[in-house]
file coords-v8.tsv (TSV, C-alpha atoms and all ligand atoms)
chain	number	residue	atom	x	y	z
A	1434	MET	CA	12.96	-2.29	21.98
A	1435	THR	CA	15.25	-4.60	20.02
A	1436	PHE	CA	14.11	-6.94	17.30
A	1437	ASP	CA	15.24	-8.07	13.91
A	1438	LYS	CA	12.85	-6.92	11.20
A	1439	ASN	CA	14.45	-9.33	8.74
A	1440	LYS	CA	13.32	-12.29	10.81
A	1441	ILE	CA	9.60	-11.53	10.35
A	1442	PRO	CA	8.20	-13.86	7.67
A	1443	GLN	CA	6.72	-12.09	4.66
A	1444	ALA	CA	3.21	-13.43	5.32
A	1445	THR	CA	3.37	-11.96	8.84
A	1446	ALA	CA	4.78	-8.68	7.54
A	1447	LYS	CA	1.85	-8.37	5.13
A	1448	ARG	CA	-0.57	-8.45	8.07
A	1449	LEU	CA	1.32	-5.73	9.96
A	1450	PRO	CA	-0.61	-2.75	8.52
A	1451	LEU	CA	-3.87	-4.50	9.39
A	1452	TYR	CA	-2.77	-5.06	12.98
A	1453	TYR	CA	-1.38	-1.56	13.17
A	1454	ARG	CA	-4.65	0.07	12.13
A	1455	PHE	CA	-6.65	-1.82	14.72
A	1456	ILE	CA	-4.13	-1.30	17.54
A	1457	ALA	CA	-3.91	2.44	16.74
A	1458	ASN	CA	-7.70	2.69	17.01
A	1459	LEU	CA	-7.66	0.80	20.33
A	1460	HIS	CA	-4.95	3.09	21.64
A	1461	ALA	CA	-6.89	6.18	20.54
A	1462	SER	CA	-9.92	4.91	22.45
A	1463	GLY	CA	-7.80	4.54	25.59
A	1464	LYS	CA	-7.59	0.75	25.74
A	1465	GLN	CA	-4.51	-0.66	27.47
A	1466	ARG	CA	-4.70	-4.29	26.51
A	1467	VAL	CA	-6.26	-6.58	23.97
A	1468	SER	CA	-6.82	-10.34	23.81
A	1469	SER	CA	-5.97	-12.46	20.79
A	1470	LYS	CA	-9.68	-13.31	20.51
A	1471	GLU	CA	-10.63	-9.60	20.25
A	1472	LEU	CA	-7.87	-9.07	17.69
A	1473	SER	CA	-8.95	-12.13	15.78
A	1474	ASP	CA	-12.58	-11.00	15.59
A	1475	ALA	CA	-11.58	-7.51	14.48
A	1476	VAL	CA	-8.98	-8.28	11.84
A	1477	LYS	CA	-10.44	-11.63	10.73
A	1478	VAL	CA	-7.22	-13.59	11.21
A	1479	ASP	CA	-7.44	-16.78	13.30
A	1480	SER	CA	-6.07	-16.44	16.82
A	1481	ALA	CA	-3.39	-19.13	16.37
A	1482	THR	CA	-1.92	-17.13	13.50
A	1483	ILE	CA	-2.14	-13.96	15.58
A	1484	ARG	CA	-0.27	-15.60	18.47
A	1485	ARG	CA	2.43	-16.85	16.12
A	1486	ASP	CA	2.72	-13.46	14.36
A	1487	PHE	CA	2.91	-11.61	17.66
A	1488	SER	CA	5.61	-13.90	18.98
A	1489	TYR	CA	7.81	-12.56	16.14
A	1490	PHE	CA	7.11	-9.06	17.45
A	1491	GLY	CA	8.41	-10.05	20.87
A	1492	ALA	CA	4.89	-9.50	22.23
A	1493	LEU	CA	4.00	-12.35	24.53
A	1494	GLY	CA	0.35	-12.40	25.44
A	1495	LYS	CA	-0.43	-13.38	29.01
A	1496	LYS	CA	-3.37	-15.60	29.81
A	1497	GLY	CA	-6.22	-13.53	31.19
A	1498	TYR	CA	-4.38	-10.31	30.37
A	1499	GLY	CA	-3.79	-10.31	26.62
A	1500	TYR	CA	-1.34	-8.02	24.83
A	1501	ASN	CA	-0.09	-4.65	25.91
A	1502	VAL	CA	-1.49	-2.07	23.46
A	1503	ASN	CA	1.25	0.52	24.07
A	1504	TYR	CA	4.00	-1.99	23.40
A	1505	LEU	CA	2.34	-3.18	20.20
A	1506	LEU	CA	1.72	0.34	18.98
A	1507	SER	CA	5.31	1.43	19.42
A	1508	PHE	CA	6.52	-1.79	17.81
A	1509	PHE	CA	4.28	-1.28	14.76
A	1510	ARG	CA	5.14	2.40	14.49
A	1511	GLN	CA	8.82	1.63	14.51
A	1512	THR	CA	8.59	-1.33	12.16
A	1513	LEU	CA	6.31	0.37	9.66
A	1514	ASN	CA	8.18	3.69	9.97
A	1515	GLN	CA	4.91	5.37	10.85
A	1516	ASP	CA	6.70	8.46	12.08
A	1517	GLU	CA	8.06	9.06	8.63
A	1518	ILE	CA	5.74	9.89	5.73
A	1519	VAL	CA	6.55	7.89	2.62
A	1520	LYS	CA	6.19	9.97	-0.52
A	1521	VAL	CA	4.62	8.30	-3.52
A	1522	CYS	CA	4.10	9.33	-7.15
A	1523	LEU	CA	1.29	8.29	-9.49
A	1524	ILE	CA	1.40	7.85	-13.25
A	1525	GLY	CA	-1.86	8.13	-15.22
A	1526	VAL	CA	-4.51	10.54	-13.97
A	1527	GLY	CA	-7.51	8.71	-15.49
A	1528	ASN	CA	-10.59	7.59	-13.59
A	1529	LEU	CA	-8.70	5.33	-11.21
A	1530	GLY	CA	-5.69	7.61	-10.83
A	1531	THR	CA	-7.94	10.58	-10.09
A	1532	ALA	CA	-9.72	8.60	-7.37
A	1533	PHE	CA	-6.37	7.78	-5.74
A	1534	LEU	CA	-5.30	11.43	-5.85
A	1535	HIS	CA	-8.46	12.32	-3.94
A	1536	TYR	CA	-8.03	9.48	-1.47
A	1537	ASN	CA	-6.46	10.39	1.85
A	1538	PHE	CA	-3.85	7.65	2.33
A	1539	LEU	CA	-2.55	9.44	5.42
A	1540	LYS	CA	-5.75	8.63	7.27
A	1541	ASN	CA	-4.85	4.96	7.66
A	1542	ASN	CA	-1.36	4.89	6.42
A	1543	ASN	CA	1.97	6.67	6.45
A	1544	SER	CA	2.05	7.42	2.74
A	1545	LYS	CA	1.13	10.42	0.63
A	1546	ILE	CA	0.96	10.93	-3.13
A	1547	VAL	CA	3.03	14.04	-3.72
A	1548	MET	CA	3.08	14.24	-7.53
A	1549	ALA	CA	1.39	12.77	-10.57
A	1550	PHE	CA	2.24	12.46	-14.25
A	1551	ASP	CA	0.17	12.28	-17.43
A	1552	ILE	CA	0.48	13.18	-21.11
A	1553	ASP	CA	-2.98	14.65	-21.62
A	1554	PRO	CA	-2.60	18.43	-22.13
A	1555	ALA	CA	-5.95	18.92	-20.37
A	1556	LYS	CA	-4.50	17.36	-17.19
A	1557	VAL	CA	-0.86	18.45	-17.24
A	1558	GLY	CA	-0.34	21.62	-15.22
A	1559	THR	CA	-3.48	21.11	-13.13
A	1560	THR	CA	-3.79	20.07	-9.50
A	1561	VAL	CA	-5.97	17.09	-8.60
A	1562	GLY	CA	-6.77	16.54	-4.93
A	1563	GLU	CA	-3.97	19.03	-4.10
A	1564	VAL	CA	-1.47	16.92	-6.07
A	1565	PRO	CA	0.34	18.63	-8.98
A	1566	VAL	CA	0.14	16.85	-12.35
A	1567	TYR	CA	3.31	17.07	-14.46
A	1568	HIS	CA	3.98	15.97	-18.02
A	1569	LEU	CA	5.55	12.53	-18.30
A	1570	ASP	CA	8.50	14.21	-20.05
A	1571	GLU	CA	9.42	15.64	-16.65
A	1572	LEU	CA	9.52	12.26	-14.90
A	1573	GLU	CA	13.30	11.94	-14.66
A	1574	LYS	CA	13.67	15.56	-13.55
A	1575	LYS	CA	11.01	15.38	-10.82
A	1576	ILE	CA	11.75	11.96	-9.33
A	1577	THR	CA	14.60	12.51	-6.96
A	1578	GLY	CA	16.26	10.18	-4.45
A	1579	GLU	CA	13.62	10.37	-1.76
A	1580	LEU	CA	10.79	9.10	-3.99
A	1581	GLU	CA	10.89	5.31	-4.10
A	1582	VAL	CA	7.29	4.21	-4.65
A	1583	ALA	CA	5.06	4.64	-7.71
A	1584	ILE	CA	1.42	3.81	-8.44
A	1585	LEU	CA	0.74	2.88	-12.04
A	1586	THR	CA	-2.72	3.66	-13.43
A	1587	VAL	CA	-1.93	4.12	-17.12
A	1588	PRO	CA	-3.31	2.11	-20.08
A	1589	ALA	CA	-1.76	-1.39	-20.14
A	1590	GLN	CA	0.12	-0.90	-23.38
A	1591	VAL	CA	2.34	1.87	-21.97
A	1592	ALA	CA	2.95	0.22	-18.58
A	1593	GLN	CA	6.25	-1.45	-19.49
A	1594	PRO	CA	8.10	1.52	-21.02
A	1595	ILE	CA	6.96	3.76	-18.15
A	1596	THR	CA	8.10	1.14	-15.63
A	1597	ASP	CA	11.54	1.05	-17.28
A	1598	ARG	CA	11.81	4.81	-16.85
A	1599	LEU	CA	10.63	4.64	-13.23
A	1600	VAL	CA	13.22	1.99	-12.42
A	1601	ALA	CA	15.96	4.03	-14.14
A	1602	SER	CA	14.88	7.01	-12.01
A	1603	GLY	CA	15.40	5.10	-8.75
A	1604	ILE	CA	11.87	3.85	-7.97
A	1605	LYS	CA	12.11	0.69	-5.83
A	1606	GLY	CA	8.47	-0.36	-5.49
A	1607	ILE	CA	5.56	-0.24	-7.94
A	1608	LEU	CA	1.88	-0.78	-7.27
A	1609	ASN	CA	0.63	-1.85	-10.68
A	1610	PHE	CA	-3.09	-1.38	-11.30
A	1611	THR	CA	-2.82	-2.10	-15.01
A	1612	PRO	CA	-3.59	-5.61	-16.31
A	1613	ALA	CA	-0.11	-5.68	-17.90
A	1614	ARG	CA	2.44	-8.19	-16.61
A	1615	ILE	CA	5.49	-6.04	-16.19
A	1616	ASN	CA	9.12	-7.12	-16.16
A	1617	VAL	CA	11.38	-5.48	-13.60
A	1618	PRO	CA	14.92	-6.15	-12.39
A	1619	GLU	CA	15.12	-8.51	-9.41
A	1620	LYS	CA	15.81	-5.76	-6.91
A	1621	ILE	CA	12.53	-4.00	-7.71
A	1622	ARG	CA	9.39	-5.01	-5.86
A	1623	ILE	CA	6.18	-4.96	-7.85
A	1624	HIS	CA	2.71	-5.59	-6.46
A	1625	HIS	CA	0.02	-6.28	-8.97
A	1626	ILE	CA	-3.61	-5.33	-8.32
A	1627	ASP	CA	-5.99	-6.07	-11.17
A	1628	LEU	CA	-9.38	-4.92	-9.91
A	1629	ALA	CA	-11.27	-6.67	-12.71
A	1630	VAL	CA	-9.58	-9.99	-11.90
A	1631	GLU	CA	-10.23	-9.57	-8.17
A	1632	LEU	CA	-13.90	-8.85	-8.82
A	1633	GLN	CA	-14.21	-11.81	-11.16
A	1634	ALA	CA	-12.55	-14.07	-8.58
A	1635	LEU	CA	-14.96	-12.90	-5.87
A	1636	ILE	CA	-17.97	-13.57	-8.12
A	1637	TYR	CA	-16.59	-17.01	-9.01
A	1638	PHE	CA	-16.07	-17.89	-5.34
A	1639	LEU	CA	-19.56	-16.71	-4.43
A	1640	LYS	CA	-21.00	-18.94	-7.10
A	1641	HIS	CA	-18.87	-22.05	-6.59
A	1642	TYR	CA	-17.92	-21.88	-2.93
A	1643	PRO	CA	-20.90	-20.31	-1.16
A	1644	LEU	CA	-20.24	-19.72	2.54
A	1645	GLU	CA	-23.55	-21.15	3.65
G	1	LIG	P1	-8.73	4.43	-15.86
G	1	LIG	O1	-8.04	3.27	-16.54
G	1	LIG	O2	-7.92	4.97	-14.71
G	1	LIG	O3	-10.16	4.25	-15.56
G	1	LIG	P2	-9.38	6.09	-18.11
G	1	LIG	O4	-10.28	5.09	-18.70
G	1	LIG	O5	-9.93	7.41	-17.72
G	1	LIG	O6	-8.59	5.61	-16.85
G	1	LIG	P3	-7.03	5.37	-19.61
G	1	LIG	O7	-7.13	5.40	-21.09
G	1	LIG	O8	-6.97	4.06	-18.91
G	1	LIG	O9	-8.17	6.33	-19.07
G	1	LIG	O10	-5.77	6.24	-19.19
G	1	LIG	C1	-5.47	6.53	-17.87
G	1	LIG	C2	-4.68	7.81	-17.81
G	1	LIG	O11	-3.36	7.56	-18.30
G	1	LIG	C3	-5.26	8.93	-18.65
G	1	LIG	O12	-5.31	10.12	-17.89
G	1	LIG	C4	-4.28	9.08	-19.80
G	1	LIG	O13	-4.17	10.41	-20.25
G	1	LIG	C5	-2.99	8.63	-19.15
G	1	LIG	N1	-1.98	8.16	-20.09
G	1	LIG	C6	-2.14	7.53	-21.25
G	1	LIG	N2	-0.95	7.24	-21.82
G	1	LIG	C7	-0.02	7.72	-20.97
G	1	LIG	C8	1.39	7.76	-20.98
G	1	LIG	N3	2.13	7.23	-21.96
G	1	LIG	N4	2.02	8.34	-19.93
G	1	LIG	C9	1.31	8.86	-18.91
G	1	LIG	N5	-0.02	8.86	-18.84
G	1	LIG	C10	-0.68	8.31	-19.86
call {"tool": "encode", "arguments": {"input": "coords-v8.tsv", "output": "C-alpha cells"}}
result
Amino acid sequence: MTFDKNKIPQATAKRLPLYYRFIANLHASGKQRVSSKELSDAVKVDSATIRRDFSYFGALGKKGYGYNVNYLLSFFRQTLNQDEIVKVCLIGVGNLGTAFLHYNFLKNNNSKIVMAFDIDPAKVGTTVGEVPVYHLDELEKKITGELEVAILTVPAQVAQPITDRLVASGIKGILNFTPARINVPEKIRIHHIDLAVELQALIYFLKHYPLE
C-alpha cells in the first residue's frame, strides 16, 4: 500500500482515530465491507465528508458495494502506527490525573501511560493504576528519547515551567488539561482541553441553539 501521509489534510487526519475505532469493531465482528451511509450514521460525520476523506486514503467506495473493511483497517493501522504502542507520561496525579492513570487507553487506542510525576510526598513512590509515580525532580532523568508525549494535569500556575522542562527533555506533544495558555516553541504540538470551558460551551449551545 503506498500513500503519502503528508497529503492528508489535518481535519481529515483528526477524524482518523474515529474511523479506525469503528472499522476495527466492524472487522472484529467479521464484516467485509461498509457503506458510507453506515459509516456516516456510526461516526456522525456526513457522508460527503467521509467520501472525500476516504479518497485521500486511496479507498474508493464502489456503488452498491461500499468500502473494503480489510483495506481500510490496514491503512488505518499503518497510518496511525497501531502496531506500535506510544508511551506517554503524565504530570500531576490529582483527581483528573488519577482518573487518567486508571483509564485503559490501550482499549481504543495505541497509547499507554507508562510513568507519572508529582511533588506530593504522599503520592511519590506509589503506583496508581499500575503506573509508577516519580518525583518531579526526576523528570529529566526518567524521560528518555522514546517518550515524546505528555499529559498535563497540574495546577495552572505551574503549567508553564513544567512545560519548559518537558520540552527541554525532548517531549514533542503535550495534551494540556490545565486552563493555562502555555507557550511552546513552534516545533512542539500542544492540544488544549479545558473541560470546564467545554462543559460551559455545551450548556450555552443547549440554551441558545436547541436542536429541536
Ligand atoms: P485535579 O485538578 O486533577 O482535579 P486536584 O484538585 O486533586 O487535581 P490540583 O491542586 O489541581 O489537585 O493538583 C493536581 C496534582 O498536581 C496534585 O496531585 C498535585 O500534588 C500536583 N502538583 C502540584 N504542583 C505540582 C508541581 N509543581 N509538579 C508536579 N505536580 C504538581
call {"tool": "atom_distance", "arguments": {"input": "coords-v8.tsv", "atom1": "CA of Val1630 in chain A", "atom2": "CA of Asp1474 in chain A"}}
result
27.7 Å
call {"tool": "axis_aligned_box", "arguments": {"input": "coords-v8.tsv", "around": "range 1581-1593 of chain A", "padding_each_side": "5 Å", "output": "AutoDock Vina command-line options"}}
result
--center_x 3.8 --center_y 1.9 --center_z -13.7 --size_x 24.2 --size_y 16.8 --size_z 29.3
call {"tool": "atom_distance", "arguments": {"input": "coords-v8.tsv", "atom1": "CA of Ser1468 in chain A", "atom2": "CA of Asn1501 in chain A"}}
result
9.1 Å
call {"tool": "residues_near_ligand", "arguments": {"input": "coords-v8.tsv", "ligand": "ligand LIG 1 (chain G)", "cutoff": "9 Å", "atoms": "only C-alpha atoms and all ligand atoms", "output": "NGL selection string"}}
result
:A and (1524-1532 or 1550-1556 or 1568-1570 or 1585-1592 or 1594-1595 or 1610-1611)
call {"tool": "atom_distance", "arguments": {"input": "coords-v8.tsv", "atom1": "CA of Asp1486 in chain A", "atom2": "CA of Pro1643 in chain A"}}
result
29.1 Å
call {"tool": "closest_residue", "arguments": {"input": "coords-v8.tsv", "among": "A:Leu1599, A:Ala1492, A:Ile1483, A:Val1502", "to": "Ala1457 in chain A", "atoms": "only C-alpha atoms"}}
result
A:Val1502
call {"tool": "closest_residue", "arguments": {"input": "coords-v8.tsv", "among": "A:Gly1606, A:Pro1612, A:Gly1463, A:Gly1558", "to": "Lys1520 in chain A", "atoms": "all atoms listed in the file"}}
result
A:Gly1606
call {"tool": "residues_around", "arguments": {"input": "coords-v8.tsv", "residues": "Lys1470 in chain A", "least_positions_apart": "4", "cutoff": "12 Å", "atoms": "only C-alpha atoms", "output": "NGL selection string"}}
result
:A and (1466 or 1474-1484 or 1494 or 1496-1500)
call {"tool": "write_last_selection", "arguments": {"input": "coords-v8.tsv", "atoms": "C-alpha atoms", "output": "short mmCIF file (atom, residue, chain, number, x, y, z; two decimals), in the coordinates of the input"}}
result
data_model
loop_
_atom_site.label_atom_id
_atom_site.label_comp_id
_atom_site.auth_asym_id
_atom_site.auth_seq_id
_atom_site.Cartn_x
_atom_site.Cartn_y
_atom_site.Cartn_z
CA ARG A 1466 -4.70 -4.29 26.51
CA ASP A 1474 -12.58 -11.00 15.59
CA ALA A 1475 -11.58 -7.51 14.48
CA VAL A 1476 -8.98 -8.28 11.84
CA LYS A 1477 -10.44 -11.63 10.73
CA VAL A 1478 -7.22 -13.59 11.21
CA ASP A 1479 -7.44 -16.78 13.30
CA SER A 1480 -6.07 -16.44 16.82
CA ALA A 1481 -3.39 -19.13 16.37
CA THR A 1482 -1.92 -17.13 13.50
CA ILE A 1483 -2.14 -13.96 15.58
CA ARG A 1484 -0.27 -15.60 18.47
CA GLY A 1494 0.35 -12.40 25.44
CA LYS A 1496 -3.37 -15.60 29.81
CA GLY A 1497 -6.22 -13.53 31.19
CA TYR A 1498 -4.38 -10.31 30.37
CA GLY A 1499 -3.79 -10.31 26.62
CA TYR A 1500 -1.34 -8.02 24.83
#
call {"tool": "closest_residue", "arguments": {"input": "coords-v8.tsv", "among": "A:Ile1441, A:Ile1604, A:Leu1539, A:Leu1459", "to": "Ile1623 in chain A", "atoms": "all atoms listed in the file"}}
result
A:Ile1604
call {"tool": "residues_around", "arguments": {"input": "coords-v8.tsv", "residues": "Glu1563 in chain A", "least_positions_apart": "4", "cutoff": "10 Å", "atoms": "only C-alpha atoms", "output": "VMD selection string"}}
result
chain A and resid 1534 to 1535 1546 to 1548 1559
call {"tool": "closest_atom_pairs", "arguments": {"input": "coords-v8.tsv", "of": "range 1533-1641 of chain A", "to": "range 1504-1518 of chain A", "cutoff": "9 Å", "atoms": "only C-alpha atoms", "output": "Markdown table"}}
result
| residue | atom | partner | partner_atom | distance |
| --- | --- | --- | --- | --- |
| A:Leu1539 | CA | A:Ile1518 | CA | 8.3 |
| A:Asn1542 | CA | A:Gln1515 | CA | 7.7 |
| A:Asn1543 | CA | A:Ile1518 | CA | 5.0 |
| A:Ser1544 | CA | A:Ile1518 | CA | 5.4 |
| A:Lys1545 | CA | A:Ile1518 | CA | 6.9 |
